[in-house]
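*Asks:* Enclosed is the structure file structure-v4.csv (CSV, C-alpha atoms and all ligand atoms).
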chain,number,residue,atom,x,y,z
E,23,MET,CA,-28.8,9.7,19.8
E,24,GLN,CA,-30.3,10.5,16.4
E,25,THR,CA,-29.0,8.8,13.3
E,26,VAL,CA,-29.4,10.6,9.9
E,27,SER,CA,-28.5,9.5,6.4
E,28,THR,CA,-29.6,12.4,4.2
E,29,LEU,CA,-28.2,16.0,4.0
E,30,VAL,CA,-31.6,17.5,4.6
E,31,GLU,CA,-32.0,15.6,7.9
E,32,LEU,CA,-28.5,16.4,8.9
E,33,ARG,CA,-28.9,20.1,8.4
E,34,LEU,CA,-32.2,20.1,10.5
E,35,ALA,CA,-30.6,18.1,13.3
E,36,VAL,CA,-27.4,20.2,13.4
E,37,ASP,CA,-29.5,23.4,13.5
E,38,ASP,CA,-31.4,22.0,16.4
E,39,LEU,CA,-28.3,21.0,18.3
E,40,ARG,CA,-26.7,24.4,17.7
E,41,LYS,CA,-29.5,26.1,19.5
E,42,SER,CA,-28.3,24.6,22.8
E,43,GLY,CA,-24.5,24.8,22.3
E,44,THR,CA,-21.3,24.1,20.4
E,45,ILE,CA,-20.6,21.1,18.2
E,46,ALA,CA,-17.5,18.9,17.9
E,47,LEU,CA,-17.3,16.6,14.8
E,48,VAL,CA,-15.5,13.3,14.9
E,49,PRO,CA,-15.2,11.8,11.3
E,50,THR,CA,-14.7,8.1,11.1
E,51,MET,CA,-15.1,5.2,8.7
E,52,GLY,CA,-16.8,3.0,11.3
E,53,ALA,CA,-15.9,-0.4,12.7
E,54,LEU,CA,-15.3,1.5,15.9
E,55,HIS,CA,-12.8,0.6,18.5
E,56,GLU,CA,-11.4,2.1,21.7
E,57,GLY,CA,-9.3,4.6,19.6
E,58,HIS,CA,-12.5,6.0,18.1
E,59,LEU,CA,-14.3,6.0,21.4
E,60,THR,CA,-11.5,8.0,23.0
E,61,LEU,CA,-12.0,10.6,20.2
E,62,MET,CA,-15.7,10.8,21.2
E,63,ARG,CA,-14.8,11.3,24.9
E,64,GLU,CA,-12.2,13.9,24.0
E,65,ALA,CA,-14.8,15.7,21.8
E,66,ARG,CA,-17.1,16.0,24.7
E,67,ARG,CA,-14.5,18.0,26.6
E,68,HIS,CA,-14.4,20.6,23.8
E,69,ALA,CA,-18.0,21.1,22.9
E,70,ASP,CA,-21.6,20.7,24.2
E,71,HIS,CA,-22.6,18.2,21.5
E,72,VAL,CA,-20.7,15.5,19.6
E,73,VAL,CA,-21.6,14.7,16.1
E,74,ALA,CA,-19.9,11.5,14.7
E,75,SER,CA,-19.8,10.6,11.1
E,76,ILE,CA,-19.4,7.1,9.6
E,77,PHE,CA,-18.7,7.0,6.0
E,78,VAL,CA,-16.4,4.5,4.1
E,79,ASN,CA,-15.3,7.1,1.6
E,80,PRO,CA,-14.6,5.4,-1.8
E,81,THR,CA,-12.6,8.3,-3.2
E,82,GLN,CA,-9.7,7.7,-0.8
E,83,PHE,CA,-9.3,4.1,-1.7
E,84,GLY,CA,-7.0,3.1,-4.6
E,85,PRO,CA,-8.3,0.6,-7.3
E,86,ASN,CA,-6.6,-2.4,-5.6
E,87,GLU,CA,-7.3,-1.4,-2.0
E,88,ASP,CA,-9.8,-2.9,0.5
E,89,LEU,CA,-12.9,-0.7,-0.2
E,90,ASP,CA,-15.2,-3.7,-0.5
E,91,ALA,CA,-13.6,-5.7,2.3
E,92,TYR,CA,-13.6,-2.7,4.7
E,93,PRO,CA,-15.7,-3.7,7.8
E,94,ARG,CA,-19.1,-2.2,8.0
E,95,ARG,CA,-21.0,-2.6,11.3
E,96,LEU,CA,-23.4,0.3,11.5
E,97,ALA,CA,-25.9,-1.1,14.1
E,98,GLU,CA,-23.1,-2.1,16.5
E,99,ASP,CA,-21.2,1.2,16.0
E,100,ALA,CA,-24.4,3.2,16.7
E,101,ALA,CA,-24.9,1.4,20.0
E,102,LEU,CA,-21.3,2.2,21.0
E,103,LEU,CA,-21.7,5.9,20.1
E,104,GLU,CA,-25.0,6.2,22.0
E,105,ALA,CA,-23.2,4.8,25.1
E,106,GLU,CA,-20.6,7.5,24.7
E,107,GLY,CA,-23.2,10.3,24.7
E,108,VAL,CA,-22.9,11.2,21.1
E,109,ALA,CA,-25.8,13.4,20.1
E,110,LEU,CA,-26.0,12.8,16.3
E,111,LEU,CA,-24.7,10.1,13.9
E,112,TRP,CA,-24.2,11.2,10.3
E,113,ALA,CA,-24.1,8.0,8.3
E,114,PRO,CA,-24.7,8.9,4.6
E,115,THR,CA,-24.8,6.5,1.7
E,116,VAL,CA,-22.3,7.0,-1.1
E,117,GLU,CA,-25.2,8.4,-3.2
E,118,ALA,CA,-26.1,10.9,-0.4
E,119,MET,CA,-22.5,12.0,-0.1
E,120,TYR,CA,-21.8,12.2,-3.9
E,121,PRO,CA,-25.3,12.7,-5.4
E,122,THR,CA,-24.0,14.2,-8.7
E,123,GLY,CA,-20.7,12.3,-8.9
E,124,PHE,CA,-17.7,14.5,-8.4
E,125,ALA,CA,-16.0,17.2,-10.4
E,126,THR,CA,-14.2,19.1,-7.6
E,127,SER,CA,-11.2,17.8,-5.7
E,128,ILE,CA,-9.0,19.3,-3.0
E,129,SER,CA,-5.3,18.6,-3.3
E,130,VAL,CA,-2.9,19.7,-0.6
E,131,SER,CA,0.7,19.9,-1.9
E,132,GLY,CA,3.7,19.4,0.3
E,133,VAL,CA,2.6,17.5,3.4
E,134,SER,CA,0.4,15.1,1.4
E,135,GLU,CA,3.1,14.1,-1.1
E,136,GLY,CA,5.5,11.7,0.7
E,137,LEU,CA,4.8,8.7,3.0
E,138,CYS,CA,1.2,7.5,2.6
E,139,GLY,CA,0.7,10.0,-0.2
E,140,ALA,CA,3.5,8.3,-2.2
E,141,SER,CA,2.3,4.7,-1.5
E,142,ARG,CA,-1.4,5.5,-1.9
E,143,PRO,CA,-1.6,7.9,-4.9
E,144,GLY,CA,-4.7,10.1,-4.7
E,145,HIS,CA,-5.5,9.0,-1.1
E,146,PHE,CA,-5.1,12.4,0.5
E,147,ASP,CA,-7.1,14.2,-2.3
E,148,GLY,CA,-10.0,11.9,-1.3
E,149,VAL,CA,-9.5,12.5,2.4
E,150,ALA,CA,-9.1,16.3,2.0
E,151,THR,CA,-12.2,16.5,-0.2
E,152,VAL,CA,-14.5,14.4,2.0
E,153,VAL,CA,-13.3,16.1,5.2
E,154,CYS,CA,-14.0,19.5,3.6
E,155,LYS,CA,-17.4,18.3,2.7
E,156,LEU,CA,-18.0,17.0,6.2
E,157,PHE,CA,-16.9,20.4,7.7
E,158,ASN,CA,-19.3,22.2,5.3
E,159,GLN,CA,-22.1,19.8,6.1
E,160,VAL,CA,-21.8,19.9,9.9
E,161,ARG,CA,-20.1,23.4,10.3
E,162,PRO,CA,-18.6,22.2,13.6
E,163,ASP,CA,-16.9,24.4,16.2
E,164,HIS,CA,-14.3,21.7,16.8
E,165,ALA,CA,-13.1,18.6,15.0
E,166,LEU,CA,-11.1,15.7,16.3
E,167,PHE,CA,-8.7,13.3,14.5
E,168,GLY,CA,-6.3,10.6,15.7
E,169,GLU,CA,-2.6,11.1,15.7
E,170,LYS,CA,-2.3,7.5,14.4
E,171,ASP,CA,-3.0,9.1,11.0
E,172,TRP,CA,-0.3,11.8,11.6
E,173,GLN,CA,0.0,12.8,8.0
E,174,GLN,CA,-3.8,12.9,7.6
E,175,LEU,CA,-3.9,15.4,10.5
E,176,ALA,CA,-1.2,17.5,8.9
E,177,VAL,CA,-3.1,17.5,5.5
E,178,ILE,CA,-6.4,18.5,7.2
E,179,ARG,CA,-4.8,21.3,9.2
E,180,THR,CA,-3.1,22.7,6.1
E,181,MET,CA,-6.3,22.5,4.1
E,182,ALA,CA,-8.3,24.2,6.8
E,183,ARG,CA,-5.8,27.0,7.2
E,184,ASP,CA,-5.4,27.5,3.4
E,185,LEU,CA,-9.1,27.6,2.7
E,186,ASP,CA,-10.3,29.4,5.8
E,187,LEU,CA,-12.6,26.6,6.6
E,188,VAL,CA,-15.6,27.2,8.8
E,189,LEU,CA,-14.0,26.1,12.1
E,190,PRO,CA,-13.2,29.2,14.2
E,191,GLN,CA,-9.4,28.5,14.0
E,192,VAL,CA,-7.0,25.8,13.0
E,193,SER,CA,-6.3,25.1,16.7
E,194,ASN,CA,-9.9,23.9,16.9
E,195,ILE,CA,-8.7,20.8,14.9
E,196,HIS,CA,-7.5,18.6,17.7
E,197,GLY,CA,-5.1,15.6,17.4
E,198,VAL,CA,-5.7,12.8,19.9
E,199,PRO,CA,-2.8,10.5,20.9
E,200,THR,CA,-2.8,7.0,19.5
E,201,VAL,CA,-4.7,4.5,21.6
E,202,ARG,CA,-2.8,1.1,21.7
E,203,GLU,CA,-3.6,-2.5,22.6
E,204,ALA,CA,-2.0,-3.7,25.8
E,205,ASP,CA,1.0,-5.0,23.9
E,206,GLY,CA,1.6,-1.7,22.1
E,207,LEU,CA,0.0,-2.3,18.7
E,208,ALA,CA,-1.9,0.8,17.6
E,209,MET,CA,-5.6,0.1,17.4
E,210,SER,CA,-7.0,0.1,13.9
E,211,SER,CA,-10.1,-1.2,12.2
E,212,ARG,CA,-7.7,-3.1,9.8
E,213,ASN,CA,-6.3,-5.1,12.7
E,214,ALA,CA,-9.4,-7.3,12.3
E,215,TYR,CA,-7.9,-8.6,9.1
E,216,LEU,CA,-4.9,-10.2,10.9
E,217,SER,CA,-4.8,-14.0,11.6
E,218,PRO,CA,-3.7,-14.9,15.2
E,219,GLU,CA,-0.2,-15.5,13.9
E,220,GLN,CA,0.0,-12.2,12.1
E,221,ARG,CA,-1.5,-10.4,15.1
E,222,ALA,CA,1.2,-11.9,17.4
E,223,ALA,CA,3.9,-10.8,14.9
E,224,ALA,CA,2.4,-7.4,14.4
E,225,VAL,CA,3.6,-6.3,17.9
E,226,THR,CA,7.1,-6.1,16.4
E,227,LEU,CA,6.1,-2.9,14.7
E,228,PRO,CA,5.7,-0.7,17.8
E,229,ARG,CA,8.5,-2.6,19.6
E,230,ALA,CA,11.0,-2.1,16.9
E,231,MET,CA,9.9,1.5,16.5
E,232,ARG,CA,10.6,2.2,20.2
E,233,ALA,CA,14.0,0.5,19.9
E,234,ALA,CA,14.9,2.7,16.9
E,235,ILE,CA,13.7,5.8,18.8
E,236,GLU,CA,15.9,4.9,21.8
E,237,ASP,CA,18.9,4.5,19.4
E,238,ILE,CA,18.2,7.8,17.6
E,239,GLU,CA,17.7,9.7,20.9
E,240,ALA,CA,21.0,8.2,22.1
E,241,GLY,CA,22.7,9.7,19.1
E,242,ASP,CA,23.1,6.6,16.9
E,243,ASN,CA,23.4,7.1,13.2
E,244,VAL,CA,19.8,7.6,11.9
E,245,ALA,CA,20.2,5.5,8.7
E,246,GLY,CA,21.6,2.6,10.8
E,247,ALA,CA,18.7,2.7,13.3
E,248,LEU,CA,16.1,2.8,10.4
E,249,MET,CA,17.9,-0.2,8.8
E,250,ARG,CA,17.7,-2.2,12.0
E,251,LEU,CA,14.0,-1.4,12.2
E,252,ARG,CA,13.4,-2.7,8.7
E,253,ALA,CA,15.4,-5.8,9.5
E,254,ALA,CA,13.3,-6.5,12.6
E,255,LEU,CA,10.1,-6.1,10.6
E,256,ALA,CA,11.4,-8.6,7.9
E,257,GLU,CA,12.4,-11.1,10.6
E,258,ALA,CA,9.0,-10.9,12.2
E,259,GLY,CA,7.3,-11.8,8.8
E,260,PHE,CA,6.4,-8.4,7.6
E,261,GLY,CA,6.4,-8.2,3.8
E,262,PRO,CA,6.8,-5.1,1.7
E,263,VAL,CA,7.6,-2.0,3.7
E,264,ASP,CA,6.0,1.2,2.2
E,265,TYR,CA,8.2,3.5,4.3
E,266,VAL,CA,10.3,3.8,7.4
E,267,THR,CA,10.9,7.5,7.8
E,268,LEU,CA,12.2,9.9,10.4
E,269,ALA,CA,10.6,13.3,9.6
E,270,ASP,CA,10.1,16.8,10.9
E,271,ALA,CA,6.9,16.5,13.0
E,272,THR,CA,5.2,19.5,11.2
E,273,SER,CA,6.5,19.7,7.7
E,274,LEU,CA,7.0,15.9,7.4
E,275,ALA,CA,10.3,16.6,5.6
E,276,PRO,CA,12.5,13.5,6.0
E,277,LEU,CA,15.5,13.9,8.4
E,278,ALA,CA,18.7,12.1,7.9
E,279,GLU,CA,20.4,13.3,11.1
E,280,THR,CA,19.5,13.3,14.8
E,281,PRO,CA,16.6,15.7,15.1
E,282,GLN,CA,17.1,19.1,16.7
E,283,GLY,CA,13.4,19.8,17.2
E,284,PRO,CA,10.1,17.8,17.3
E,285,ALA,CA,10.3,14.8,15.0
E,286,ARG,CA,8.3,11.7,14.2
E,287,LEU,CA,9.2,8.2,13.3
E,288,LEU,CA,6.6,7.0,10.7
E,289,VAL,CA,6.2,3.5,9.3
E,290,ALA,CA,3.8,1.7,6.9
E,291,ALA,CA,4.3,-2.0,6.4
E,292,ARG,CA,2.4,-5.0,5.3
E,293,ILE,CA,1.9,-8.2,7.1
E,294,GLY,CA,0.0,-10.8,5.0
E,295,GLY,CA,-2.2,-8.5,2.9
E,296,THR,CA,-2.8,-6.0,5.7
E,297,ARG,CA,-1.2,-2.6,5.6
E,298,LEU,CA,-0.4,-1.3,9.1
E,299,ILE,CA,0.7,2.3,9.9
E,300,ASP,CA,2.2,3.7,13.1
E,301,ASN,CA,4.1,6.8,14.2
E,302,MET,CA,5.8,8.0,17.4
E,303,PRO,CA,7.4,11.1,18.6
E,304,VAL,CA,11.2,11.4,18.6
E,305,GLY,CA,13.7,13.9,19.8
E,306,PRO,CA,14.4,16.6,22.3
E,307,ALA,CA,10.9,18.2,22.2
E,308,LYS,CA,8.6,15.3,21.6
E,309,GLY,CA,5.7,17.2,20.1
E,310,GLU,CA,2.1,16.3,20.8
E,311,GLU,CA,2.1,12.8,22.1
F,1,LIG,N1,-5.7,3.8,17.7
F,1,LIG,C1,-6.2,5.0,17.5
F,1,LIG,N2,-6.0,6.0,18.4
F,1,LIG,C2,-6.5,7.2,18.2
F,1,LIG,N3,-7.3,7.6,17.1
F,1,LIG,C3,-7.4,6.7,16.2
F,1,LIG,C4,-6.9,5.3,16.3
F,1,LIG,N4,-7.3,4.6,15.2
F,1,LIG,C5,-8.0,5.5,14.4
F,1,LIG,N5,-8.1,6.7,15.0
F,1,LIG,C6,-8.7,7.9,14.4
F,1,LIG,O1,-10.1,7.7,14.2
F,1,LIG,C7,-10.5,8.4,13.1
F,1,LIG,C8,-11.2,7.5,12.2
F,1,LIG,O2,-10.3,6.6,11.7
F,1,LIG,P1,-10.7,5.3,10.9
F,1,LIG,O3,-12.2,5.1,11.0
F,1,LIG,O4,-10.1,5.2,9.6
F,1,LIG,O5,-10.1,4.2,11.8
F,1,LIG,P2,-8.9,3.3,11.7
F,1,LIG,O6,-8.9,2.3,12.9
F,1,LIG,O7,-7.7,4.2,11.6
F,1,LIG,O8,-9.1,2.5,10.5
F,1,LIG,P3,-8.0,2.0,9.4
F,1,LIG,O9,-7.9,0.6,9.7
F,1,LIG,O10,-8.8,2.4,8.2
F,1,LIG,O11,-6.8,2.8,9.6
F,1,LIG,C9,-9.2,9.1,12.5
F,1,LIG,O12,-9.1,10.4,12.9
F,1,LIG,C10,-8.2,8.2,13.0
F,1,LIG,O13,-6.9,8.8,13.1
F,2,LIG,C1,-10.9,11.3,8.2
F,2,LIG,C2,-11.7,10.2,7.4
F,2,LIG,C3,-13.0,9.8,8.2
F,2,LIG,C4,-12.1,10.7,6.0
F,2,LIG,O1,-12.7,9.7,5.3
F,2,LIG,C5,-10.8,8.9,7.3
F,2,LIG,O2,-9.7,9.2,6.5
F,2,LIG,C6,-10.4,8.3,8.6
F,2,LIG,O3,-11.3,7.6,9.1
F,2,LIG,O4,-9.3,8.5,9.1
F,3,LIG,N1,-7.6,6.0,8.8
F,3,LIG,C1,-7.2,6.3,7.4
F,3,LIG,C2,-8.3,6.0,6.4
F,3,LIG,C3,-7.8,5.1,5.4
F,3,LIG,O1,-6.8,4.3,5.6
F,3,LIG,O2,-8.3,5.2,4.3
Any chance you could put this one into structure tokens?
*Replies:*
Amino acid sequence: MQTVSTLVELRLAVDDLRKSGTIALVPTMGALHEGHLTLMREARRHADHVVASIFVNPTQFGPNEDLDAYPRRLAEDAALLEAEGVALLWAPTVEAMYPTGFATSISVSGVSEGLCGASRPGHFDGVATVVCKLFNQVRPDHALFGEKDWQQLAVIRTMARDLDLVLPQVSNIHGVPTVREADGLAMSSRNAYLSPEQRAAAVTLPRAMRAAIEDIEAGDNVAGALMRLRAALAEAGFGPVDYVTLADATSLAPLAETPQGPARLLVAARIGGTRLIDNMPVGPAKGEE
């Protein structure tokens, strides 16, 4: 595996790879876990070569968020990617990614406005802009993202469709189902922030979500099921809850009644200082997962 950190090197390496086949891009912020590695394996099913990026993008972090604390483990990550058969690692510095600062930003209205968009103002502008740059830099045939960041996937698909981005078609943006720990907690680089006690309590998040989904699918009142989910989180020691929302799986419009089509239960909540997110399919047609 080749690792490159400047755009000039990246372009040369990508041109070289393209001579012998198609390219799938997997953007990440590093501190890789089994969820990321599953994306790499899935990418290999779609294209001849996998290009991974590792970039902790400052423009998607709010002023009081964990940009400085975010784990950075480039050497360890590179070894994991190499073992997965990744051909090229694009690991730019902030200066390489934003050499002249930044005057242009992409803002996707609608899908980016509620949920994480409401609790992390500006976050999805930062994500959309850097993913657009990554697409333009690598010009992949396919790109893969985790369903764990369901809203992010919706924002990226909308941006790619609206801007006719270089991928052959929006269906070449692939969502990969959430990889979970044995007890059900969604894998996340931020799980490393949890103390052993917080980690033990965190399992309440997926468990209480599954219980709420069972209730909603059995026809229980939606507001009541979501209230019981909030209560379970509070009892387990979760602090502020950013949102507990039942939403249409595609538009992300909130649903107050039993869903008639594919829907998603989405939660963001804090335990200690750590913000955890999760989402699961709900309803008669369960959507992608
Ligand atoms: N558990 C998971 N299962 C599947 N995909 C995942 C999982 N966790 C992250 N991903 C995906 O990996 C890609 C890179 O994500 P990122 O590097 O931010 O990791 P993360 O674990 O989500 O970190 P964070 O703690 O910042 O949420 C994204 O497309 C994300 O959705
Ligand atoms: C897509 C992404 C790599 C953009 O910085 C990031 O938001 C992430 O890791 O999910
Ligand atoms: N996985 C989403 C990236 C972020 O939280 O900034």
*Asks:* Hey, which bits of range 85-105 of chain E sit within 12 Å of range 191-212 of chain E, and for each residue what's the closest pair of atoms and how far apart in Å (one decimal), counting all atoms listed in the file, rows by chain and increasing number, as CSV?
*Replies:*
residue,atom,partner,partner_atom,distance
E:Glu87,CA,E:Arg212,CA,11.9
E:Asp88,CA,E:Arg212,CA,9.5
E:Leu89,CA,E:Arg212,CA,11.5
E:Ala91,CA,E:Arg212,CA,9.9
E:Tyr92,CA,E:Arg212,CA,7.8
E:Pro93,CA,E:Ser211,CA,7.5
E:Arg94,CA,E:Ser211,CA,10.0
E:Arg95,CA,E:Ser211,CA,11.0
E:Asp99,CA,E:Ser211,CA,12.0
*Asks:* Can you measure CA of Gln220 in chain E to atom C10 of ligand LIG 1 (chain F) for me? One decimal in Å is fine.
*Replies:*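 Going from CA of Gln220 in chain E over to atom C10 of ligand LIG 1 (chain F) covers 22.0 Å.
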*Asks:* Measuring between all atoms listed in the file, which one of E:Thr60, E:Ser42, E:Ser273, E:Ser131 shows the shortest distance to ligand LIG 1 (chain F)?
*Replies:*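 Of E:Thr60, E:Ser42, E:Ser273, E:Ser131, the one nearest ligand LIG 1 (chain F) is E:Thr60, counting all atoms listed in the file.
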*Asks:* Please return as number ranges by chain the residues found within 10 Å of ligand LIG 2 (chain F), counting all atoms listed in the file.
*Replies:* E: 48-54, 58, 74-83, 145-146, 148-156, 166-172, 174-175, 178, 210-211
*Asks:* With distances taken over all atoms listed in the file, which residue among E:Arg221, E:Arg229, E:Arg63, E:Arg142 lies nearest ligand LIG 3 (chain F)?
*Replies:*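 So, comparing all the options, the nearest one is E:Arg142.
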*Asks:* Using only C-alpha atoms, what residues lie at most 9 Å away from (-22.3, 13.2, 2.5) (file coordinates), given as a PyMOL selection string?
*Replies:* chain E and resi 27-29+77+112-121+152+155-156+159
